[in-house]
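Source file run_4.txt; content: compact mmCIF, C-alpha atoms.
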```
# COMPACT_ATOMS: atom_id res chain seq x y z
CA MET A 734 -17.37 14.53 -12.76
CA GLN A 735 -15.87 11.07 -12.26
CA PRO A 736 -18.21 8.45 -10.76
CA LEU A 737 -16.23 8.10 -7.51
CA ASP A 738 -15.46 11.76 -7.11
CA GLY A 739 -16.04 12.77 -3.47
CA TYR A 740 -15.48 9.29 -2.02
CA LEU A 741 -12.67 8.87 0.53
CA VAL A 742 -10.74 5.59 0.64
CA LEU A 743 -8.32 4.70 3.44
CA ASP A 744 -5.85 2.12 2.16
CA PHE A 745 -4.01 0.11 4.81
CA SER A 746 -2.80 -2.48 2.28
CA THR A 747 0.64 -3.17 0.81
CA LEU A 748 2.27 -4.92 -2.14
CA VAL A 749 -0.26 -6.00 -4.82
CA PRO A 750 -3.90 -6.99 -4.11
CA GLY A 751 -5.09 -3.99 -2.11
CA PRO A 752 -2.99 -1.38 -3.93
CA ILE A 753 -4.29 -2.48 -7.34
CA ALA A 754 -7.86 -2.41 -6.04
CA THR A 755 -7.44 1.10 -4.69
CA LEU A 756 -5.65 2.15 -7.89
CA PHE A 757 -8.82 1.27 -9.80
CA LEU A 758 -10.86 3.34 -7.33
CA ALA A 759 -8.44 6.26 -7.61
CA GLU A 760 -8.57 6.18 -11.41
CA ALA A 761 -12.36 6.42 -11.16
CA GLY A 762 -12.08 9.59 -9.08
CA ALA A 763 -11.89 8.47 -5.44
CA GLU A 764 -9.49 10.15 -3.04
CA VAL A 765 -7.22 7.33 -1.88
CA ILE A 766 -5.00 7.85 1.16
CA LYS A 767 -2.41 5.20 1.88
CA ILE A 768 -1.86 4.63 5.60
CA GLU A 769 1.78 3.55 5.77
CA ARG A 770 4.33 2.60 8.42
CA ARG A 771 6.65 5.31 9.60
CA ASN A 772 10.22 5.17 8.23
CA ASP A 773 9.80 2.45 5.57
CA GLY A 774 6.14 2.47 4.41
CA ASP A 775 4.74 0.00 1.88
CA ASP A 776 7.15 -2.90 1.26
CA MET A 777 6.73 -2.33 -2.47
CA ARG A 778 8.68 0.92 -2.18
CA LYS A 779 11.88 -1.10 -1.73
CA TYR A 780 11.44 -3.42 -4.70
CA GLN A 781 13.69 -3.42 -7.78
CA PRO A 782 14.14 -1.87 -10.23
CA ARG A 783 14.34 1.57 -8.68
CA TRP A 784 12.76 4.53 -10.44
CA GLY A 785 13.64 7.70 -8.63
CA ASP A 786 13.18 7.41 -4.85
CA ASP A 787 10.96 4.31 -4.96
CA SER A 788 10.51 1.20 -7.06
CA VAL A 789 8.85 1.43 -10.45
CA ASN A 790 6.36 -1.19 -9.17
CA PHE A 791 5.28 1.15 -6.40
CA ALA A 792 4.95 4.04 -8.85
CA LEU A 793 2.73 2.05 -11.21
CA LEU A 794 0.42 0.68 -8.50
CA ASN A 795 0.03 3.89 -6.51
CA ARG A 796 -0.41 6.56 -9.15
CA GLY A 797 -2.51 9.49 -7.94
CA LYS A 798 -2.80 8.38 -4.31
CA LYS A 799 -1.79 10.21 -1.13
CA SER A 800 0.32 8.95 1.77
CA ILE A 801 0.12 9.34 5.53
CA ALA A 802 2.85 7.77 7.66
CA VAL A 803 1.84 6.78 11.19
CA ASP A 804 2.76 4.24 13.85
CA LEU A 805 -0.38 2.14 14.26
CA LYS A 806 1.03 0.58 17.43
CA ASP A 807 1.32 4.01 19.07
CA ALA A 808 -2.09 4.86 20.51
CA LYS A 809 -1.53 8.62 20.35
CA ASP A 810 -0.32 8.49 16.76
CA LYS A 811 -3.16 6.21 15.72
CA THR A 812 -5.74 8.53 17.29
CA ARG A 813 -4.77 11.15 14.73
CA LEU A 814 -6.55 9.00 12.14
CA ASP A 815 -9.92 9.28 13.90
CA PRO A 816 -11.22 12.26 11.91
CA LEU A 817 -10.40 10.49 8.64
CA ILE A 818 -12.04 7.28 9.80
CA ARG A 819 -15.21 9.18 10.73
CA ARG A 820 -15.62 10.58 7.26
CA ALA A 821 -14.18 7.71 5.18
CA ASP A 822 -16.45 5.86 2.76
CA ILE A 823 -14.22 2.84 2.19
CA LEU A 824 -11.40 1.16 4.08
CA VAL A 825 -9.19 -1.50 2.50
CA GLU A 826 -6.89 -3.66 4.62
CA GLN A 827 -4.79 -6.71 3.90
CA PHE A 828 -3.54 -7.96 7.28
CA ARG A 829 -4.08 -11.48 8.55
CA PRO A 830 -7.40 -11.95 10.37
CA GLY A 831 -7.39 -10.33 13.81
CA VAL A 832 -4.51 -7.89 13.27
CA MET A 833 -6.72 -4.85 12.72
CA ASP A 834 -8.75 -5.82 15.79
CA ARG A 835 -5.59 -5.91 17.91
CA LEU A 836 -4.69 -2.47 16.59
CA GLY A 837 -8.09 -1.14 17.62
CA LEU A 838 -9.06 -0.72 13.96
CA GLY A 839 -11.37 -3.69 13.46
CA TYR A 840 -14.72 -3.42 11.73
CA ALA A 841 -16.79 -3.58 14.90
CA GLU A 842 -14.92 -0.69 16.48
CA LEU A 843 -14.79 1.51 13.38
CA SER A 844 -18.37 0.89 12.28
CA ALA A 845 -19.52 2.04 15.71
CA ILE A 846 -18.15 5.51 14.96
CA ASN A 847 -18.85 5.41 11.21
CA PRO A 848 -21.87 3.17 10.42
CA LYS A 849 -21.63 4.00 6.72
CA LEU A 850 -18.10 2.64 6.40
CA ILE A 851 -17.51 -0.07 3.80
CA TYR A 852 -14.71 -2.15 5.28
CA CYS A 853 -12.93 -4.44 2.82
CA SER A 854 -10.57 -7.12 4.17
CA ILE A 855 -8.41 -8.94 1.62
CA THR A 856 -6.73 -12.12 2.86
CA GLY A 857 -5.42 -15.34 1.41
CA TYR A 858 -7.92 -17.71 2.98
CA GLY A 859 -10.64 -15.52 4.48
CA GLN A 860 -11.73 -14.52 7.97
CA ASN A 861 -12.68 -18.03 9.12
CA GLY A 862 -11.69 -21.62 8.47
CA PRO A 863 -8.65 -23.75 9.44
CA LYS A 864 -6.29 -21.89 7.09
CA ARG A 865 -7.33 -18.38 8.09
CA GLN A 866 -3.96 -17.64 9.76
CA ALA A 867 -1.77 -19.51 7.27
CA ALA A 868 0.90 -17.50 5.48
CA GLY A 869 0.66 -17.70 1.74
CA HIS A 870 1.35 -16.12 -1.61
CA ASP A 871 -0.07 -16.46 -5.09
CA LEU A 872 1.45 -19.89 -5.82
CA ASN A 873 0.07 -21.25 -2.56
CA TYR A 874 -3.48 -20.09 -3.29
CA MET A 875 -3.36 -21.57 -6.80
CA GLY A 876 -1.83 -24.77 -5.48
CA ASP A 877 -4.38 -25.17 -2.69
CA THR A 878 -7.40 -24.73 -4.98
CA GLY A 879 -6.30 -27.12 -7.73
CA LEU A 880 -5.82 -24.38 -10.32
CA LEU A 881 -2.07 -24.86 -10.53
CA ALA A 882 -2.41 -28.62 -11.05
CA LEU A 883 -4.40 -28.10 -14.25
CA SER A 884 -1.41 -26.90 -16.26
CA MET A 885 1.95 -26.73 -14.50
CA GLY A 886 4.20 -28.65 -16.87
CA ASP A 887 6.27 -31.72 -16.13
CA SER A 888 7.18 -32.24 -12.47
CA ALA A 889 10.87 -32.33 -13.44
CA ALA A 890 10.60 -28.78 -14.74
CA PRO A 891 7.29 -27.31 -13.56
CA VAL A 892 6.15 -23.99 -14.99
CA VAL A 893 5.37 -21.00 -12.77
CA PRO A 894 2.31 -19.09 -14.06
CA PRO A 895 3.17 -15.76 -15.72
CA ALA A 896 0.63 -13.73 -13.76
CA LEU A 897 -0.32 -13.19 -10.11
CA ILE A 898 -3.73 -14.74 -10.63
CA GLY A 899 -4.54 -15.10 -6.93
CA ASP A 900 -3.45 -11.59 -5.98
CA ILE A 901 -5.06 -9.71 -8.85
CA ALA A 902 -7.85 -11.87 -10.27
CA GLY A 903 -8.68 -13.40 -6.88
CA GLY A 904 -8.03 -10.32 -4.74
CA SER A 905 -8.01 -6.95 -6.51
CA TYR A 906 -10.89 -7.45 -8.92
CA PRO A 907 -13.31 -9.08 -6.43
CA ALA A 908 -12.48 -6.35 -3.92
CA VAL A 909 -13.45 -3.59 -6.35
CA LEU A 910 -16.54 -5.48 -7.51
CA ASN A 911 -17.80 -5.96 -3.97
CA ILE A 912 -16.93 -2.41 -2.89
CA LEU A 913 -19.04 -1.04 -5.74
CA LEU A 914 -21.88 -3.40 -4.83
CA ALA A 915 -21.60 -2.29 -1.20
CA LEU A 916 -21.79 1.36 -2.26
CA GLU A 917 -25.03 0.61 -4.10
CA ALA A 918 -26.37 -1.31 -1.11
CA ARG A 919 -25.44 1.62 1.14
CA ARG A 920 -27.29 3.99 -1.16
CA LYS A 921 -30.43 1.96 -0.52
CA THR A 922 -29.98 1.18 3.19
CA GLY A 923 -27.70 3.92 4.50
CA CYS A 924 -25.45 1.29 6.09
CA GLY A 925 -21.93 0.14 5.39
CA GLN A 926 -20.70 -3.42 5.76
CA TRP A 927 -17.69 -5.71 6.15
CA LEU A 928 -16.44 -7.47 3.01
CA ASP A 929 -14.49 -10.72 3.40
CA ILE A 930 -12.38 -11.11 0.24
CA ALA A 931 -10.51 -14.42 0.24
CA MET A 932 -8.10 -14.74 -2.68
CA ALA A 933 -8.15 -18.55 -2.63
CA ASP A 934 -11.98 -18.66 -2.69
CA ASN A 935 -12.10 -16.46 -5.75
CA LEU A 936 -9.96 -18.76 -7.89
CA PHE A 937 -12.67 -21.40 -8.24
CA PRO A 938 -14.67 -19.50 -10.92
CA PHE A 939 -11.63 -19.84 -13.20
CA MET A 940 -12.12 -23.62 -13.05
CA TYR A 941 -15.82 -23.70 -13.93
CA TRP A 942 -15.18 -26.26 -16.67
CA ALA A 943 -12.98 -28.45 -14.46
CA LEU A 944 -15.57 -28.40 -11.69
CA GLY A 945 -18.39 -29.13 -14.11
CA ASN A 946 -16.56 -31.99 -15.79
CA GLY A 947 -15.62 -33.53 -12.46
CA LEU A 948 -18.78 -33.02 -10.46
CA ALA A 949 -21.32 -33.83 -13.17
CA ALA A 950 -19.46 -36.33 -15.34
CA GLY A 951 -16.78 -37.70 -13.03
CA GLN A 952 -14.12 -36.60 -15.51
CA TRP A 953 -11.56 -34.81 -13.36
CA PRO A 954 -8.91 -33.08 -15.50
CA GLY A 955 -5.24 -33.89 -15.15
CA ASN A 956 -2.14 -31.79 -15.71
CA GLY A 957 -2.39 -30.39 -19.22
CA THR A 958 -4.79 -33.08 -20.38
CA ASP A 959 -8.08 -31.26 -20.81
CA PHE A 960 -9.44 -29.18 -23.68
CA ALA A 961 -8.52 -25.82 -22.15
CA THR A 962 -5.09 -26.85 -20.88
CA GLY A 963 -3.43 -28.36 -23.95
CA GLY A 964 -5.09 -31.76 -24.25
CA SER A 965 -6.79 -30.83 -27.52
CA PRO A 966 -5.08 -29.93 -30.82
CA ARG A 967 -7.61 -27.11 -31.08
CA TYR A 968 -6.28 -25.22 -28.05
CA ARG A 969 -2.54 -25.60 -27.84
CA LEU A 970 0.89 -24.02 -28.20
CA TYR A 971 3.07 -25.22 -31.06
CA GLY A 972 6.78 -24.45 -31.49
CA THR A 973 8.10 -23.04 -34.77
CA ARG A 974 11.38 -23.86 -36.49
CA ASP A 975 13.11 -20.71 -35.25
CA GLY A 976 12.14 -21.10 -31.59
CA HIS A 977 8.96 -19.04 -31.50
CA VAL A 978 5.52 -20.31 -30.53
CA LEU A 979 2.19 -20.38 -32.32
CA ALA A 980 -0.90 -19.91 -30.14
CA ALA A 981 -3.54 -21.99 -31.89
CA ALA A 982 -7.13 -21.73 -30.63
CA PRO A 983 -9.38 -22.85 -33.54
CA MET A 984 -11.93 -24.29 -31.13
CA GLU A 985 -15.10 -23.99 -33.20
CA GLN A 986 -15.46 -26.31 -36.19
CA LYS A 987 -15.49 -23.46 -38.73
CA PHE A 988 -12.17 -22.19 -37.40
CA TRP A 989 -10.75 -25.71 -37.16
CA GLU A 990 -11.45 -26.35 -40.83
CA VAL A 991 -9.71 -23.13 -41.88
CA PHE A 992 -6.76 -23.93 -39.61
CA CYS A 993 -6.35 -27.42 -41.05
CA GLU A 994 -6.51 -26.07 -44.59
CA THR A 995 -4.02 -23.29 -43.86
CA ILE A 996 -1.35 -25.61 -42.44
CA GLY A 997 -2.05 -28.39 -44.96
CA LEU A 998 -3.10 -31.05 -42.49
CA ASP A 999 -3.94 -34.35 -44.16
CA GLU A 1000 -7.63 -35.15 -44.45
CA ASP A 1001 -7.33 -38.29 -42.39
CA GLN A 1002 -5.92 -36.29 -39.47
CA ARG A 1003 -8.63 -33.65 -39.32
CA ASN A 1004 -11.10 -35.64 -37.25
CA ASP A 1005 -9.34 -34.87 -33.96
CA HIS A 1006 -11.92 -36.79 -31.92
CA LEU A 1007 -10.62 -40.13 -33.18
CA ASN A 1008 -7.08 -39.83 -31.86
CA PRO A 1009 -6.20 -36.35 -30.60
CA SER A 1010 -2.64 -37.28 -29.63
CA VAL A 1011 -1.86 -38.37 -33.21
CA THR A 1012 -3.36 -35.14 -34.56
CA ILE A 1013 -1.33 -33.10 -32.08
CA GLN A 1014 1.86 -34.86 -33.12
CA LYS A 1015 1.22 -34.24 -36.82
CA ILE A 1016 0.41 -30.55 -36.29
CA THR A 1017 3.51 -30.20 -34.10
CA GLU A 1018 5.65 -31.51 -36.98
CA ILE A 1019 4.01 -29.19 -39.52
CA ILE A 1020 4.33 -26.03 -37.43
CA ARG A 1021 7.94 -26.87 -36.54
CA SER A 1022 8.81 -27.14 -40.22
CA GLN A 1023 8.54 -23.36 -40.80
CA ASP A 1024 9.74 -20.16 -39.16
CA ALA A 1025 7.35 -17.95 -37.18
CA ASP A 1026 7.21 -15.28 -39.89
CA VAL A 1027 5.85 -17.82 -42.36
CA TRP A 1028 3.01 -18.73 -40.03
CA ARG A 1029 2.43 -15.11 -39.05
CA THR A 1030 1.93 -14.19 -42.71
CA ARG A 1031 -0.36 -17.13 -43.41
CA PHE A 1032 -2.58 -16.60 -40.42
CA GLU A 1033 -2.85 -12.84 -40.91
CA ASN A 1034 -4.86 -13.53 -44.04
CA VAL A 1035 -7.28 -16.08 -42.61
CA ASP A 1036 -9.80 -16.13 -39.78
CA CYS A 1037 -9.13 -19.01 -37.39
CA CYS A 1038 -7.93 -17.67 -34.01
CA CYS A 1039 -4.21 -18.29 -34.47
CA SER A 1040 -1.32 -15.96 -33.74
CA VAL A 1041 2.39 -16.00 -33.03
CA VAL A 1042 3.25 -15.35 -29.38
CA VAL A 1043 5.12 -12.06 -28.82
CA ASP A 1044 7.02 -10.74 -25.81
CA VAL A 1045 5.91 -7.77 -23.71
CA GLN A 1046 8.18 -5.32 -25.52
CA ALA A 1047 6.71 -6.30 -28.89
CA ALA A 1048 3.18 -6.05 -27.49
CA LEU A 1049 3.82 -2.43 -26.53
CA ARG A 1050 4.67 -1.71 -30.18
CA ASP A 1051 1.54 -3.44 -31.51
CA PRO A 1052 -0.36 -1.00 -33.78
CA HIS A 1053 -3.64 -2.28 -32.35
CA PHE A 1054 -2.85 -1.24 -28.78
CA LYS A 1055 -1.40 2.03 -30.03
CA ALA A 1056 -4.58 2.73 -31.98
CA ARG A 1057 -6.61 2.17 -28.81
CA ASN A 1058 -4.33 4.60 -26.89
CA LEU A 1059 -3.93 1.97 -24.21
CA PHE A 1060 -0.81 3.58 -22.80
CA GLU A 1061 -1.72 7.25 -23.21
CA TYR A 1062 -1.90 7.97 -19.47
CA GLN A 1063 1.40 8.75 -17.78
CA VAL A 1064 2.90 8.30 -14.34
CA SER A 1065 5.81 10.42 -13.11
CA ASN A 1066 8.35 10.14 -10.34
CA ARG A 1067 9.62 12.95 -8.18
CA ASN A 1068 12.47 13.59 -10.63
CA ALA A 1069 9.84 14.48 -13.26
CA ALA A 1070 10.63 11.39 -15.35
CA THR A 1071 7.58 9.77 -16.94
CA ILE A 1072 6.55 6.36 -18.25
CA PRO A 1073 3.18 5.05 -19.42
CA ALA A 1074 0.83 4.42 -16.51
CA LEU A 1075 -0.53 0.96 -15.85
CA PRO A 1076 -3.58 0.44 -18.09
CA VAL A 1077 -6.55 -0.13 -15.84
CA PRO A 1078 -9.96 -1.65 -16.69
CA ILE A 1079 -11.75 1.65 -16.12
CA ASP A 1080 -13.55 3.18 -19.10
CA ARG A 1081 -12.00 6.43 -20.26
CA SER A 1082 -15.26 8.25 -19.65
CA PHE A 1083 -14.79 7.53 -15.92
CA ARG A 1084 -11.14 8.53 -15.68
CA GLY A 1085 -9.44 11.89 -15.29
CA PRO A 1086 -7.88 13.93 -18.12
CA VAL A 1087 -5.10 12.25 -20.09
CA ALA A 1088 -2.96 15.39 -19.85
CA GLU A 1089 -2.84 15.13 -16.04
CA VAL A 1090 0.38 13.26 -15.28
CA LEU A 1091 0.13 11.80 -11.76
CA SER A 1092 2.76 10.35 -9.46
CA ALA A 1093 2.86 7.95 -6.55
CA PRO A 1094 3.06 9.72 -3.17
CA LYS A 1095 6.14 10.40 -1.10
CA LEU A 1096 6.05 8.47 2.18
CA GLY A 1097 4.13 10.65 4.62
CA GLY A 1098 3.86 13.35 1.99
CA HIS A 1099 0.29 14.17 3.02
CA ASN A 1100 0.55 14.02 6.80
CA ASP A 1101 -0.78 17.56 6.89
CA ILE A 1102 -4.18 16.02 6.11
CA LEU A 1103 -4.25 14.79 9.71
CA SER A 1104 -4.21 18.29 11.16
CA ASP A 1105 -6.51 19.55 8.42
CA SER A 1106 -9.01 16.78 9.20
CA SER A 1107 -8.98 17.57 12.89
CA GLU A 1108 -9.63 21.22 12.19
CA THR A 1109 -12.45 20.38 9.77
CA LEU A 1110 -14.07 18.10 12.33
CA ARG A 1111 -13.96 20.81 15.01
CA ASN A 1112 -15.63 23.27 12.65
CA GLU A 1113 -18.45 20.93 11.62
```
What would you get if you wrote out this structure as structure tokens?
Amino acid sequence: MQPLDGYLVLDFSTLVPGPIATLFLAEAGAEVIKIERRNDGDDMRKYQPRWGDDSVNFALLNRGKKSIAVDLKDAKDKTRLDPLIRRADILVEQFRPGVMDRLGLGYAELSAINPKLIYCSITGYGQNGPKRQAAGHDLNYMGDTGLLALSMGDSAAPVVPPALIGDIAGGSYPAVLNILLALEARRKTGCGQWLDIAMADNLFPFMYWALGNGLAAGQWPGNGTDFATGGSPRYRLYGTRDGHVLAAAPMEQKFWEVFCETIGLDEDQRNDHLNPSVTIQKITEIIRSQDADVWRTRFENVDCCCSVVVDVQAALRDPHFKARNLFEYQVSNRNAATIPALPVPIDRSFRGPVAEVLSAPKLGGHNDILSDSSETLRNE
């Protein structure tokens, strides 16, 4: 039995933060029912590239879930959800503050009919505060918290981060963490609760070092100037002669000494505390003097936390990830085509069988649950 087997999750969210959170719950055994708009459903369905009837993004983020299509603004249609709400364990929503209340689906109203309900609201800026109603996306949350300013490149050609840190690390993961904590609290008290997950709030733990340096020592980091953002030769990206990049992270002294020896750095340059910019310049020249394969071969035989950066396609071919069967689970579309499912941070012992190939749901493909739920409720 999977740890969340028997739990019912109603997912009112769209796009990324909520759907990834409920994907994790589904992979751990929960029954996840997406509550979608009639006619068009989750916006992610329309994204490119297409893979069968929906986007491949939608397929990856909604593997193994169910879908009910209703008009939440139609009182009669919305009432059909009542039996599900009464027996749901968890509800996840991602509207701006107040929207669910206006729809008659706010926490106060739903907890009155289901006191055990764990109600998780994911928003950009939280349920209170001056920015609570502000529209935003990942870049805005990172920009508003100072995270983006730590390493965004030159202002003439600023670099967009390669991951949706606010959505996933600030939204999806904290949502799952707090839902599981709420389930444990409910086990002890018998009561559900409302969880206020603000994506912007949850970015501050990623800057623990910046906050510590600034608050305790008055040393506020600049753009790419601190140890963890490229200001040190011991934690930096260096270009190779053939246009590749070496990720060098020999932070500890023992690794630094091996690194310096491996690249042949002059003895008088190895004390990087004296003049780090000079050391960086010298290492930059050395690494740029050889092709990536030369450095890949040298660093494969030593232990100093250095590797050549690869693209996503090469990462999928990496023997290490293949040996760990990271992509052994499959997701299918309604044309029976399959691709590897999104690897999720759920231990295999908690997931379903590998041989079970799951798909994302057809819009409204499980609307029969509404009549089944009503019948079940009448018989209880």
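Neighbouring residues of stretch 990-1000 of chain A at 7 Å or closer, counting all atoms listed in the file and skipping chain neighbours under 4 positions away, are Pro983, Gln986 and Cys1037 of chain A.
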For stretch 734-753 of chain A against stretch 787-801 of chain A, with a cut-off of 10 Å and counting only C-alpha atoms, what is the closest atom pair and its distance in Å to one decimal for every residue that makes the cut, ordered by chain and number, as a Markdown table?
```
| residue | atom | partner | partner_atom | distance |
| --- | --- | --- | --- | --- |
| A:Val742 | CA | A:Lys798 | CA | 9.8 |
| A:Leu743 | CA | A:Lys799 | CA | 9.7 |
| A:Asp744 | CA | A:Ser800 | CA | 9.2 |
| A:Thr747 | CA | A:Phe791 | CA | 9.6 |
| A:Leu748 | CA | A:Phe791 | CA | 8.0 |
| A:Val749 | CA | A:Leu794 | CA | 7.7 |
| A:Pro750 | CA | A:Leu794 | CA | 9.8 |
| A:Gly751 | CA | A:Leu794 | CA | 9.6 |
| A:Pro752 | CA | A:Leu794 | CA | 6.1 |
| A:Ile753 | CA | A:Leu794 | CA | 5.8 |
```
For A:Thr878, which residue out of A:Phe1032, A:Trp927, A:Trp989, A:Phe937 is the nearest one, using only C-alpha atoms?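 Of A:Phe1032, A:Trp927, A:Trp989, A:Phe937, the one nearest A:Thr878 is A:Phe937, counting only C-alpha atoms.
From atom CA of A:Arg865 back to atom CA of A:Glu769, the distance works out to 23.9 Å.
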Rank nothing, just name the residue among A:Val1027, A:Met932, A:Leu1103, A:Cys1039 nearest to A:Thr856, using only C-alpha atoms.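 Under the stated criterion, the closest residue is A:Met932.
If you look at atom CA of A:Ile1013 and atom CA of A:Val978, they are 14.6 Å away from each other.
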Grab the atom CA of A:Ser905 to atom CA of A:Asp934 distance for me, in Å with one decimal place.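 Between atom CA of A:Ser905 and atom CA of A:Asp934 the gap is 12.9 Å.
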Can you tell me, as number ranges by chain, what residues are no more than 8 Å from A:Gly957 when counting only C-alpha atoms, ignoring any on the same chain fewer than 5 positions away? A: 883-886, 962-964
Name the residues in contact with A:Ser854 at a cut-off of 10 Å, using only C-alpha atoms, excluding same-chain residues fewer than 6 positions from it; report them as a list in words.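 Counting only the stated atoms, we get Phe745, Ser746, Gly751, Leu824, Val825, Glu826, Gln827, Phe828, Arg829, Pro830, Met833, Gly839, Tyr840, Gln860, Gly904, Ala908, Trp927, Leu928, Asp929, Ile930 and Ala931 of chain A.
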Quick one: of A:Asp822, A:Asp1005, A:Asp871, A:Asp1101, who's nearest to A:Leu741, counting only C-alpha atoms?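 Nearest candidate to A:Leu741 out of A:Asp822, A:Asp1005, A:Asp871, A:Asp1101: A:Asp822.
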Of the candidates A:Ile1079, A:Thr973, A:Lys806, A:Asp1001, which one gets nearest to A:Arg1029 if we count all atoms listed in the file?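 Residue with the minimum atom-to-atom distance to A:Arg1029: A:Thr973.
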Identify, on the basis of all atoms listed in the file, every residue whose closest approach to A:Gly1085 does not exceed 10 Å; exclude the query and any residue fewer than 4 positions from it along the same chain; express the result as a list in words. Met734, Gln735, Ala759, Glu760, Ala761, Gly762, Tyr1062, Arg1081, Glu1089 and Val1090 of chain A
Write to file, as a PDB file, in the coordinates of the input, the residues of the selection just made, with C-alpha atoms.
```
ATOM      1  CA  MET A 734     -17.370  14.530 -12.760  1.00  0.00           C
ATOM      2  CA  GLN A 735     -15.870  11.070 -12.260  1.00  0.00           C
ATOM      3  CA  ALA A 759      -8.440   6.260  -7.610  1.00  0.00           C
ATOM      4  CA  GLU A 760      -8.570   6.180 -11.410  1.00  0.00           C
ATOM      5  CA  ALA A 761     -12.360   6.420 -11.160  1.00  0.00           C
ATOM      6  CA  GLY A 762     -12.080   9.590  -9.080  1.00  0.00           C
ATOM      7  CA  TYR A1062      -1.900   7.970 -19.470  1.00  0.00           C
ATOM      8  CA  ARG A1081     -12.000   6.430 -20.260  1.00  0.00           C
ATOM      9  CA  GLU A1089      -2.840  15.130 -16.040  1.00  0.00           C
ATOM     10  CA  VAL A1090       0.380  13.260 -15.280  1.00  0.00           C
TER      11      VAL A1090
END
```
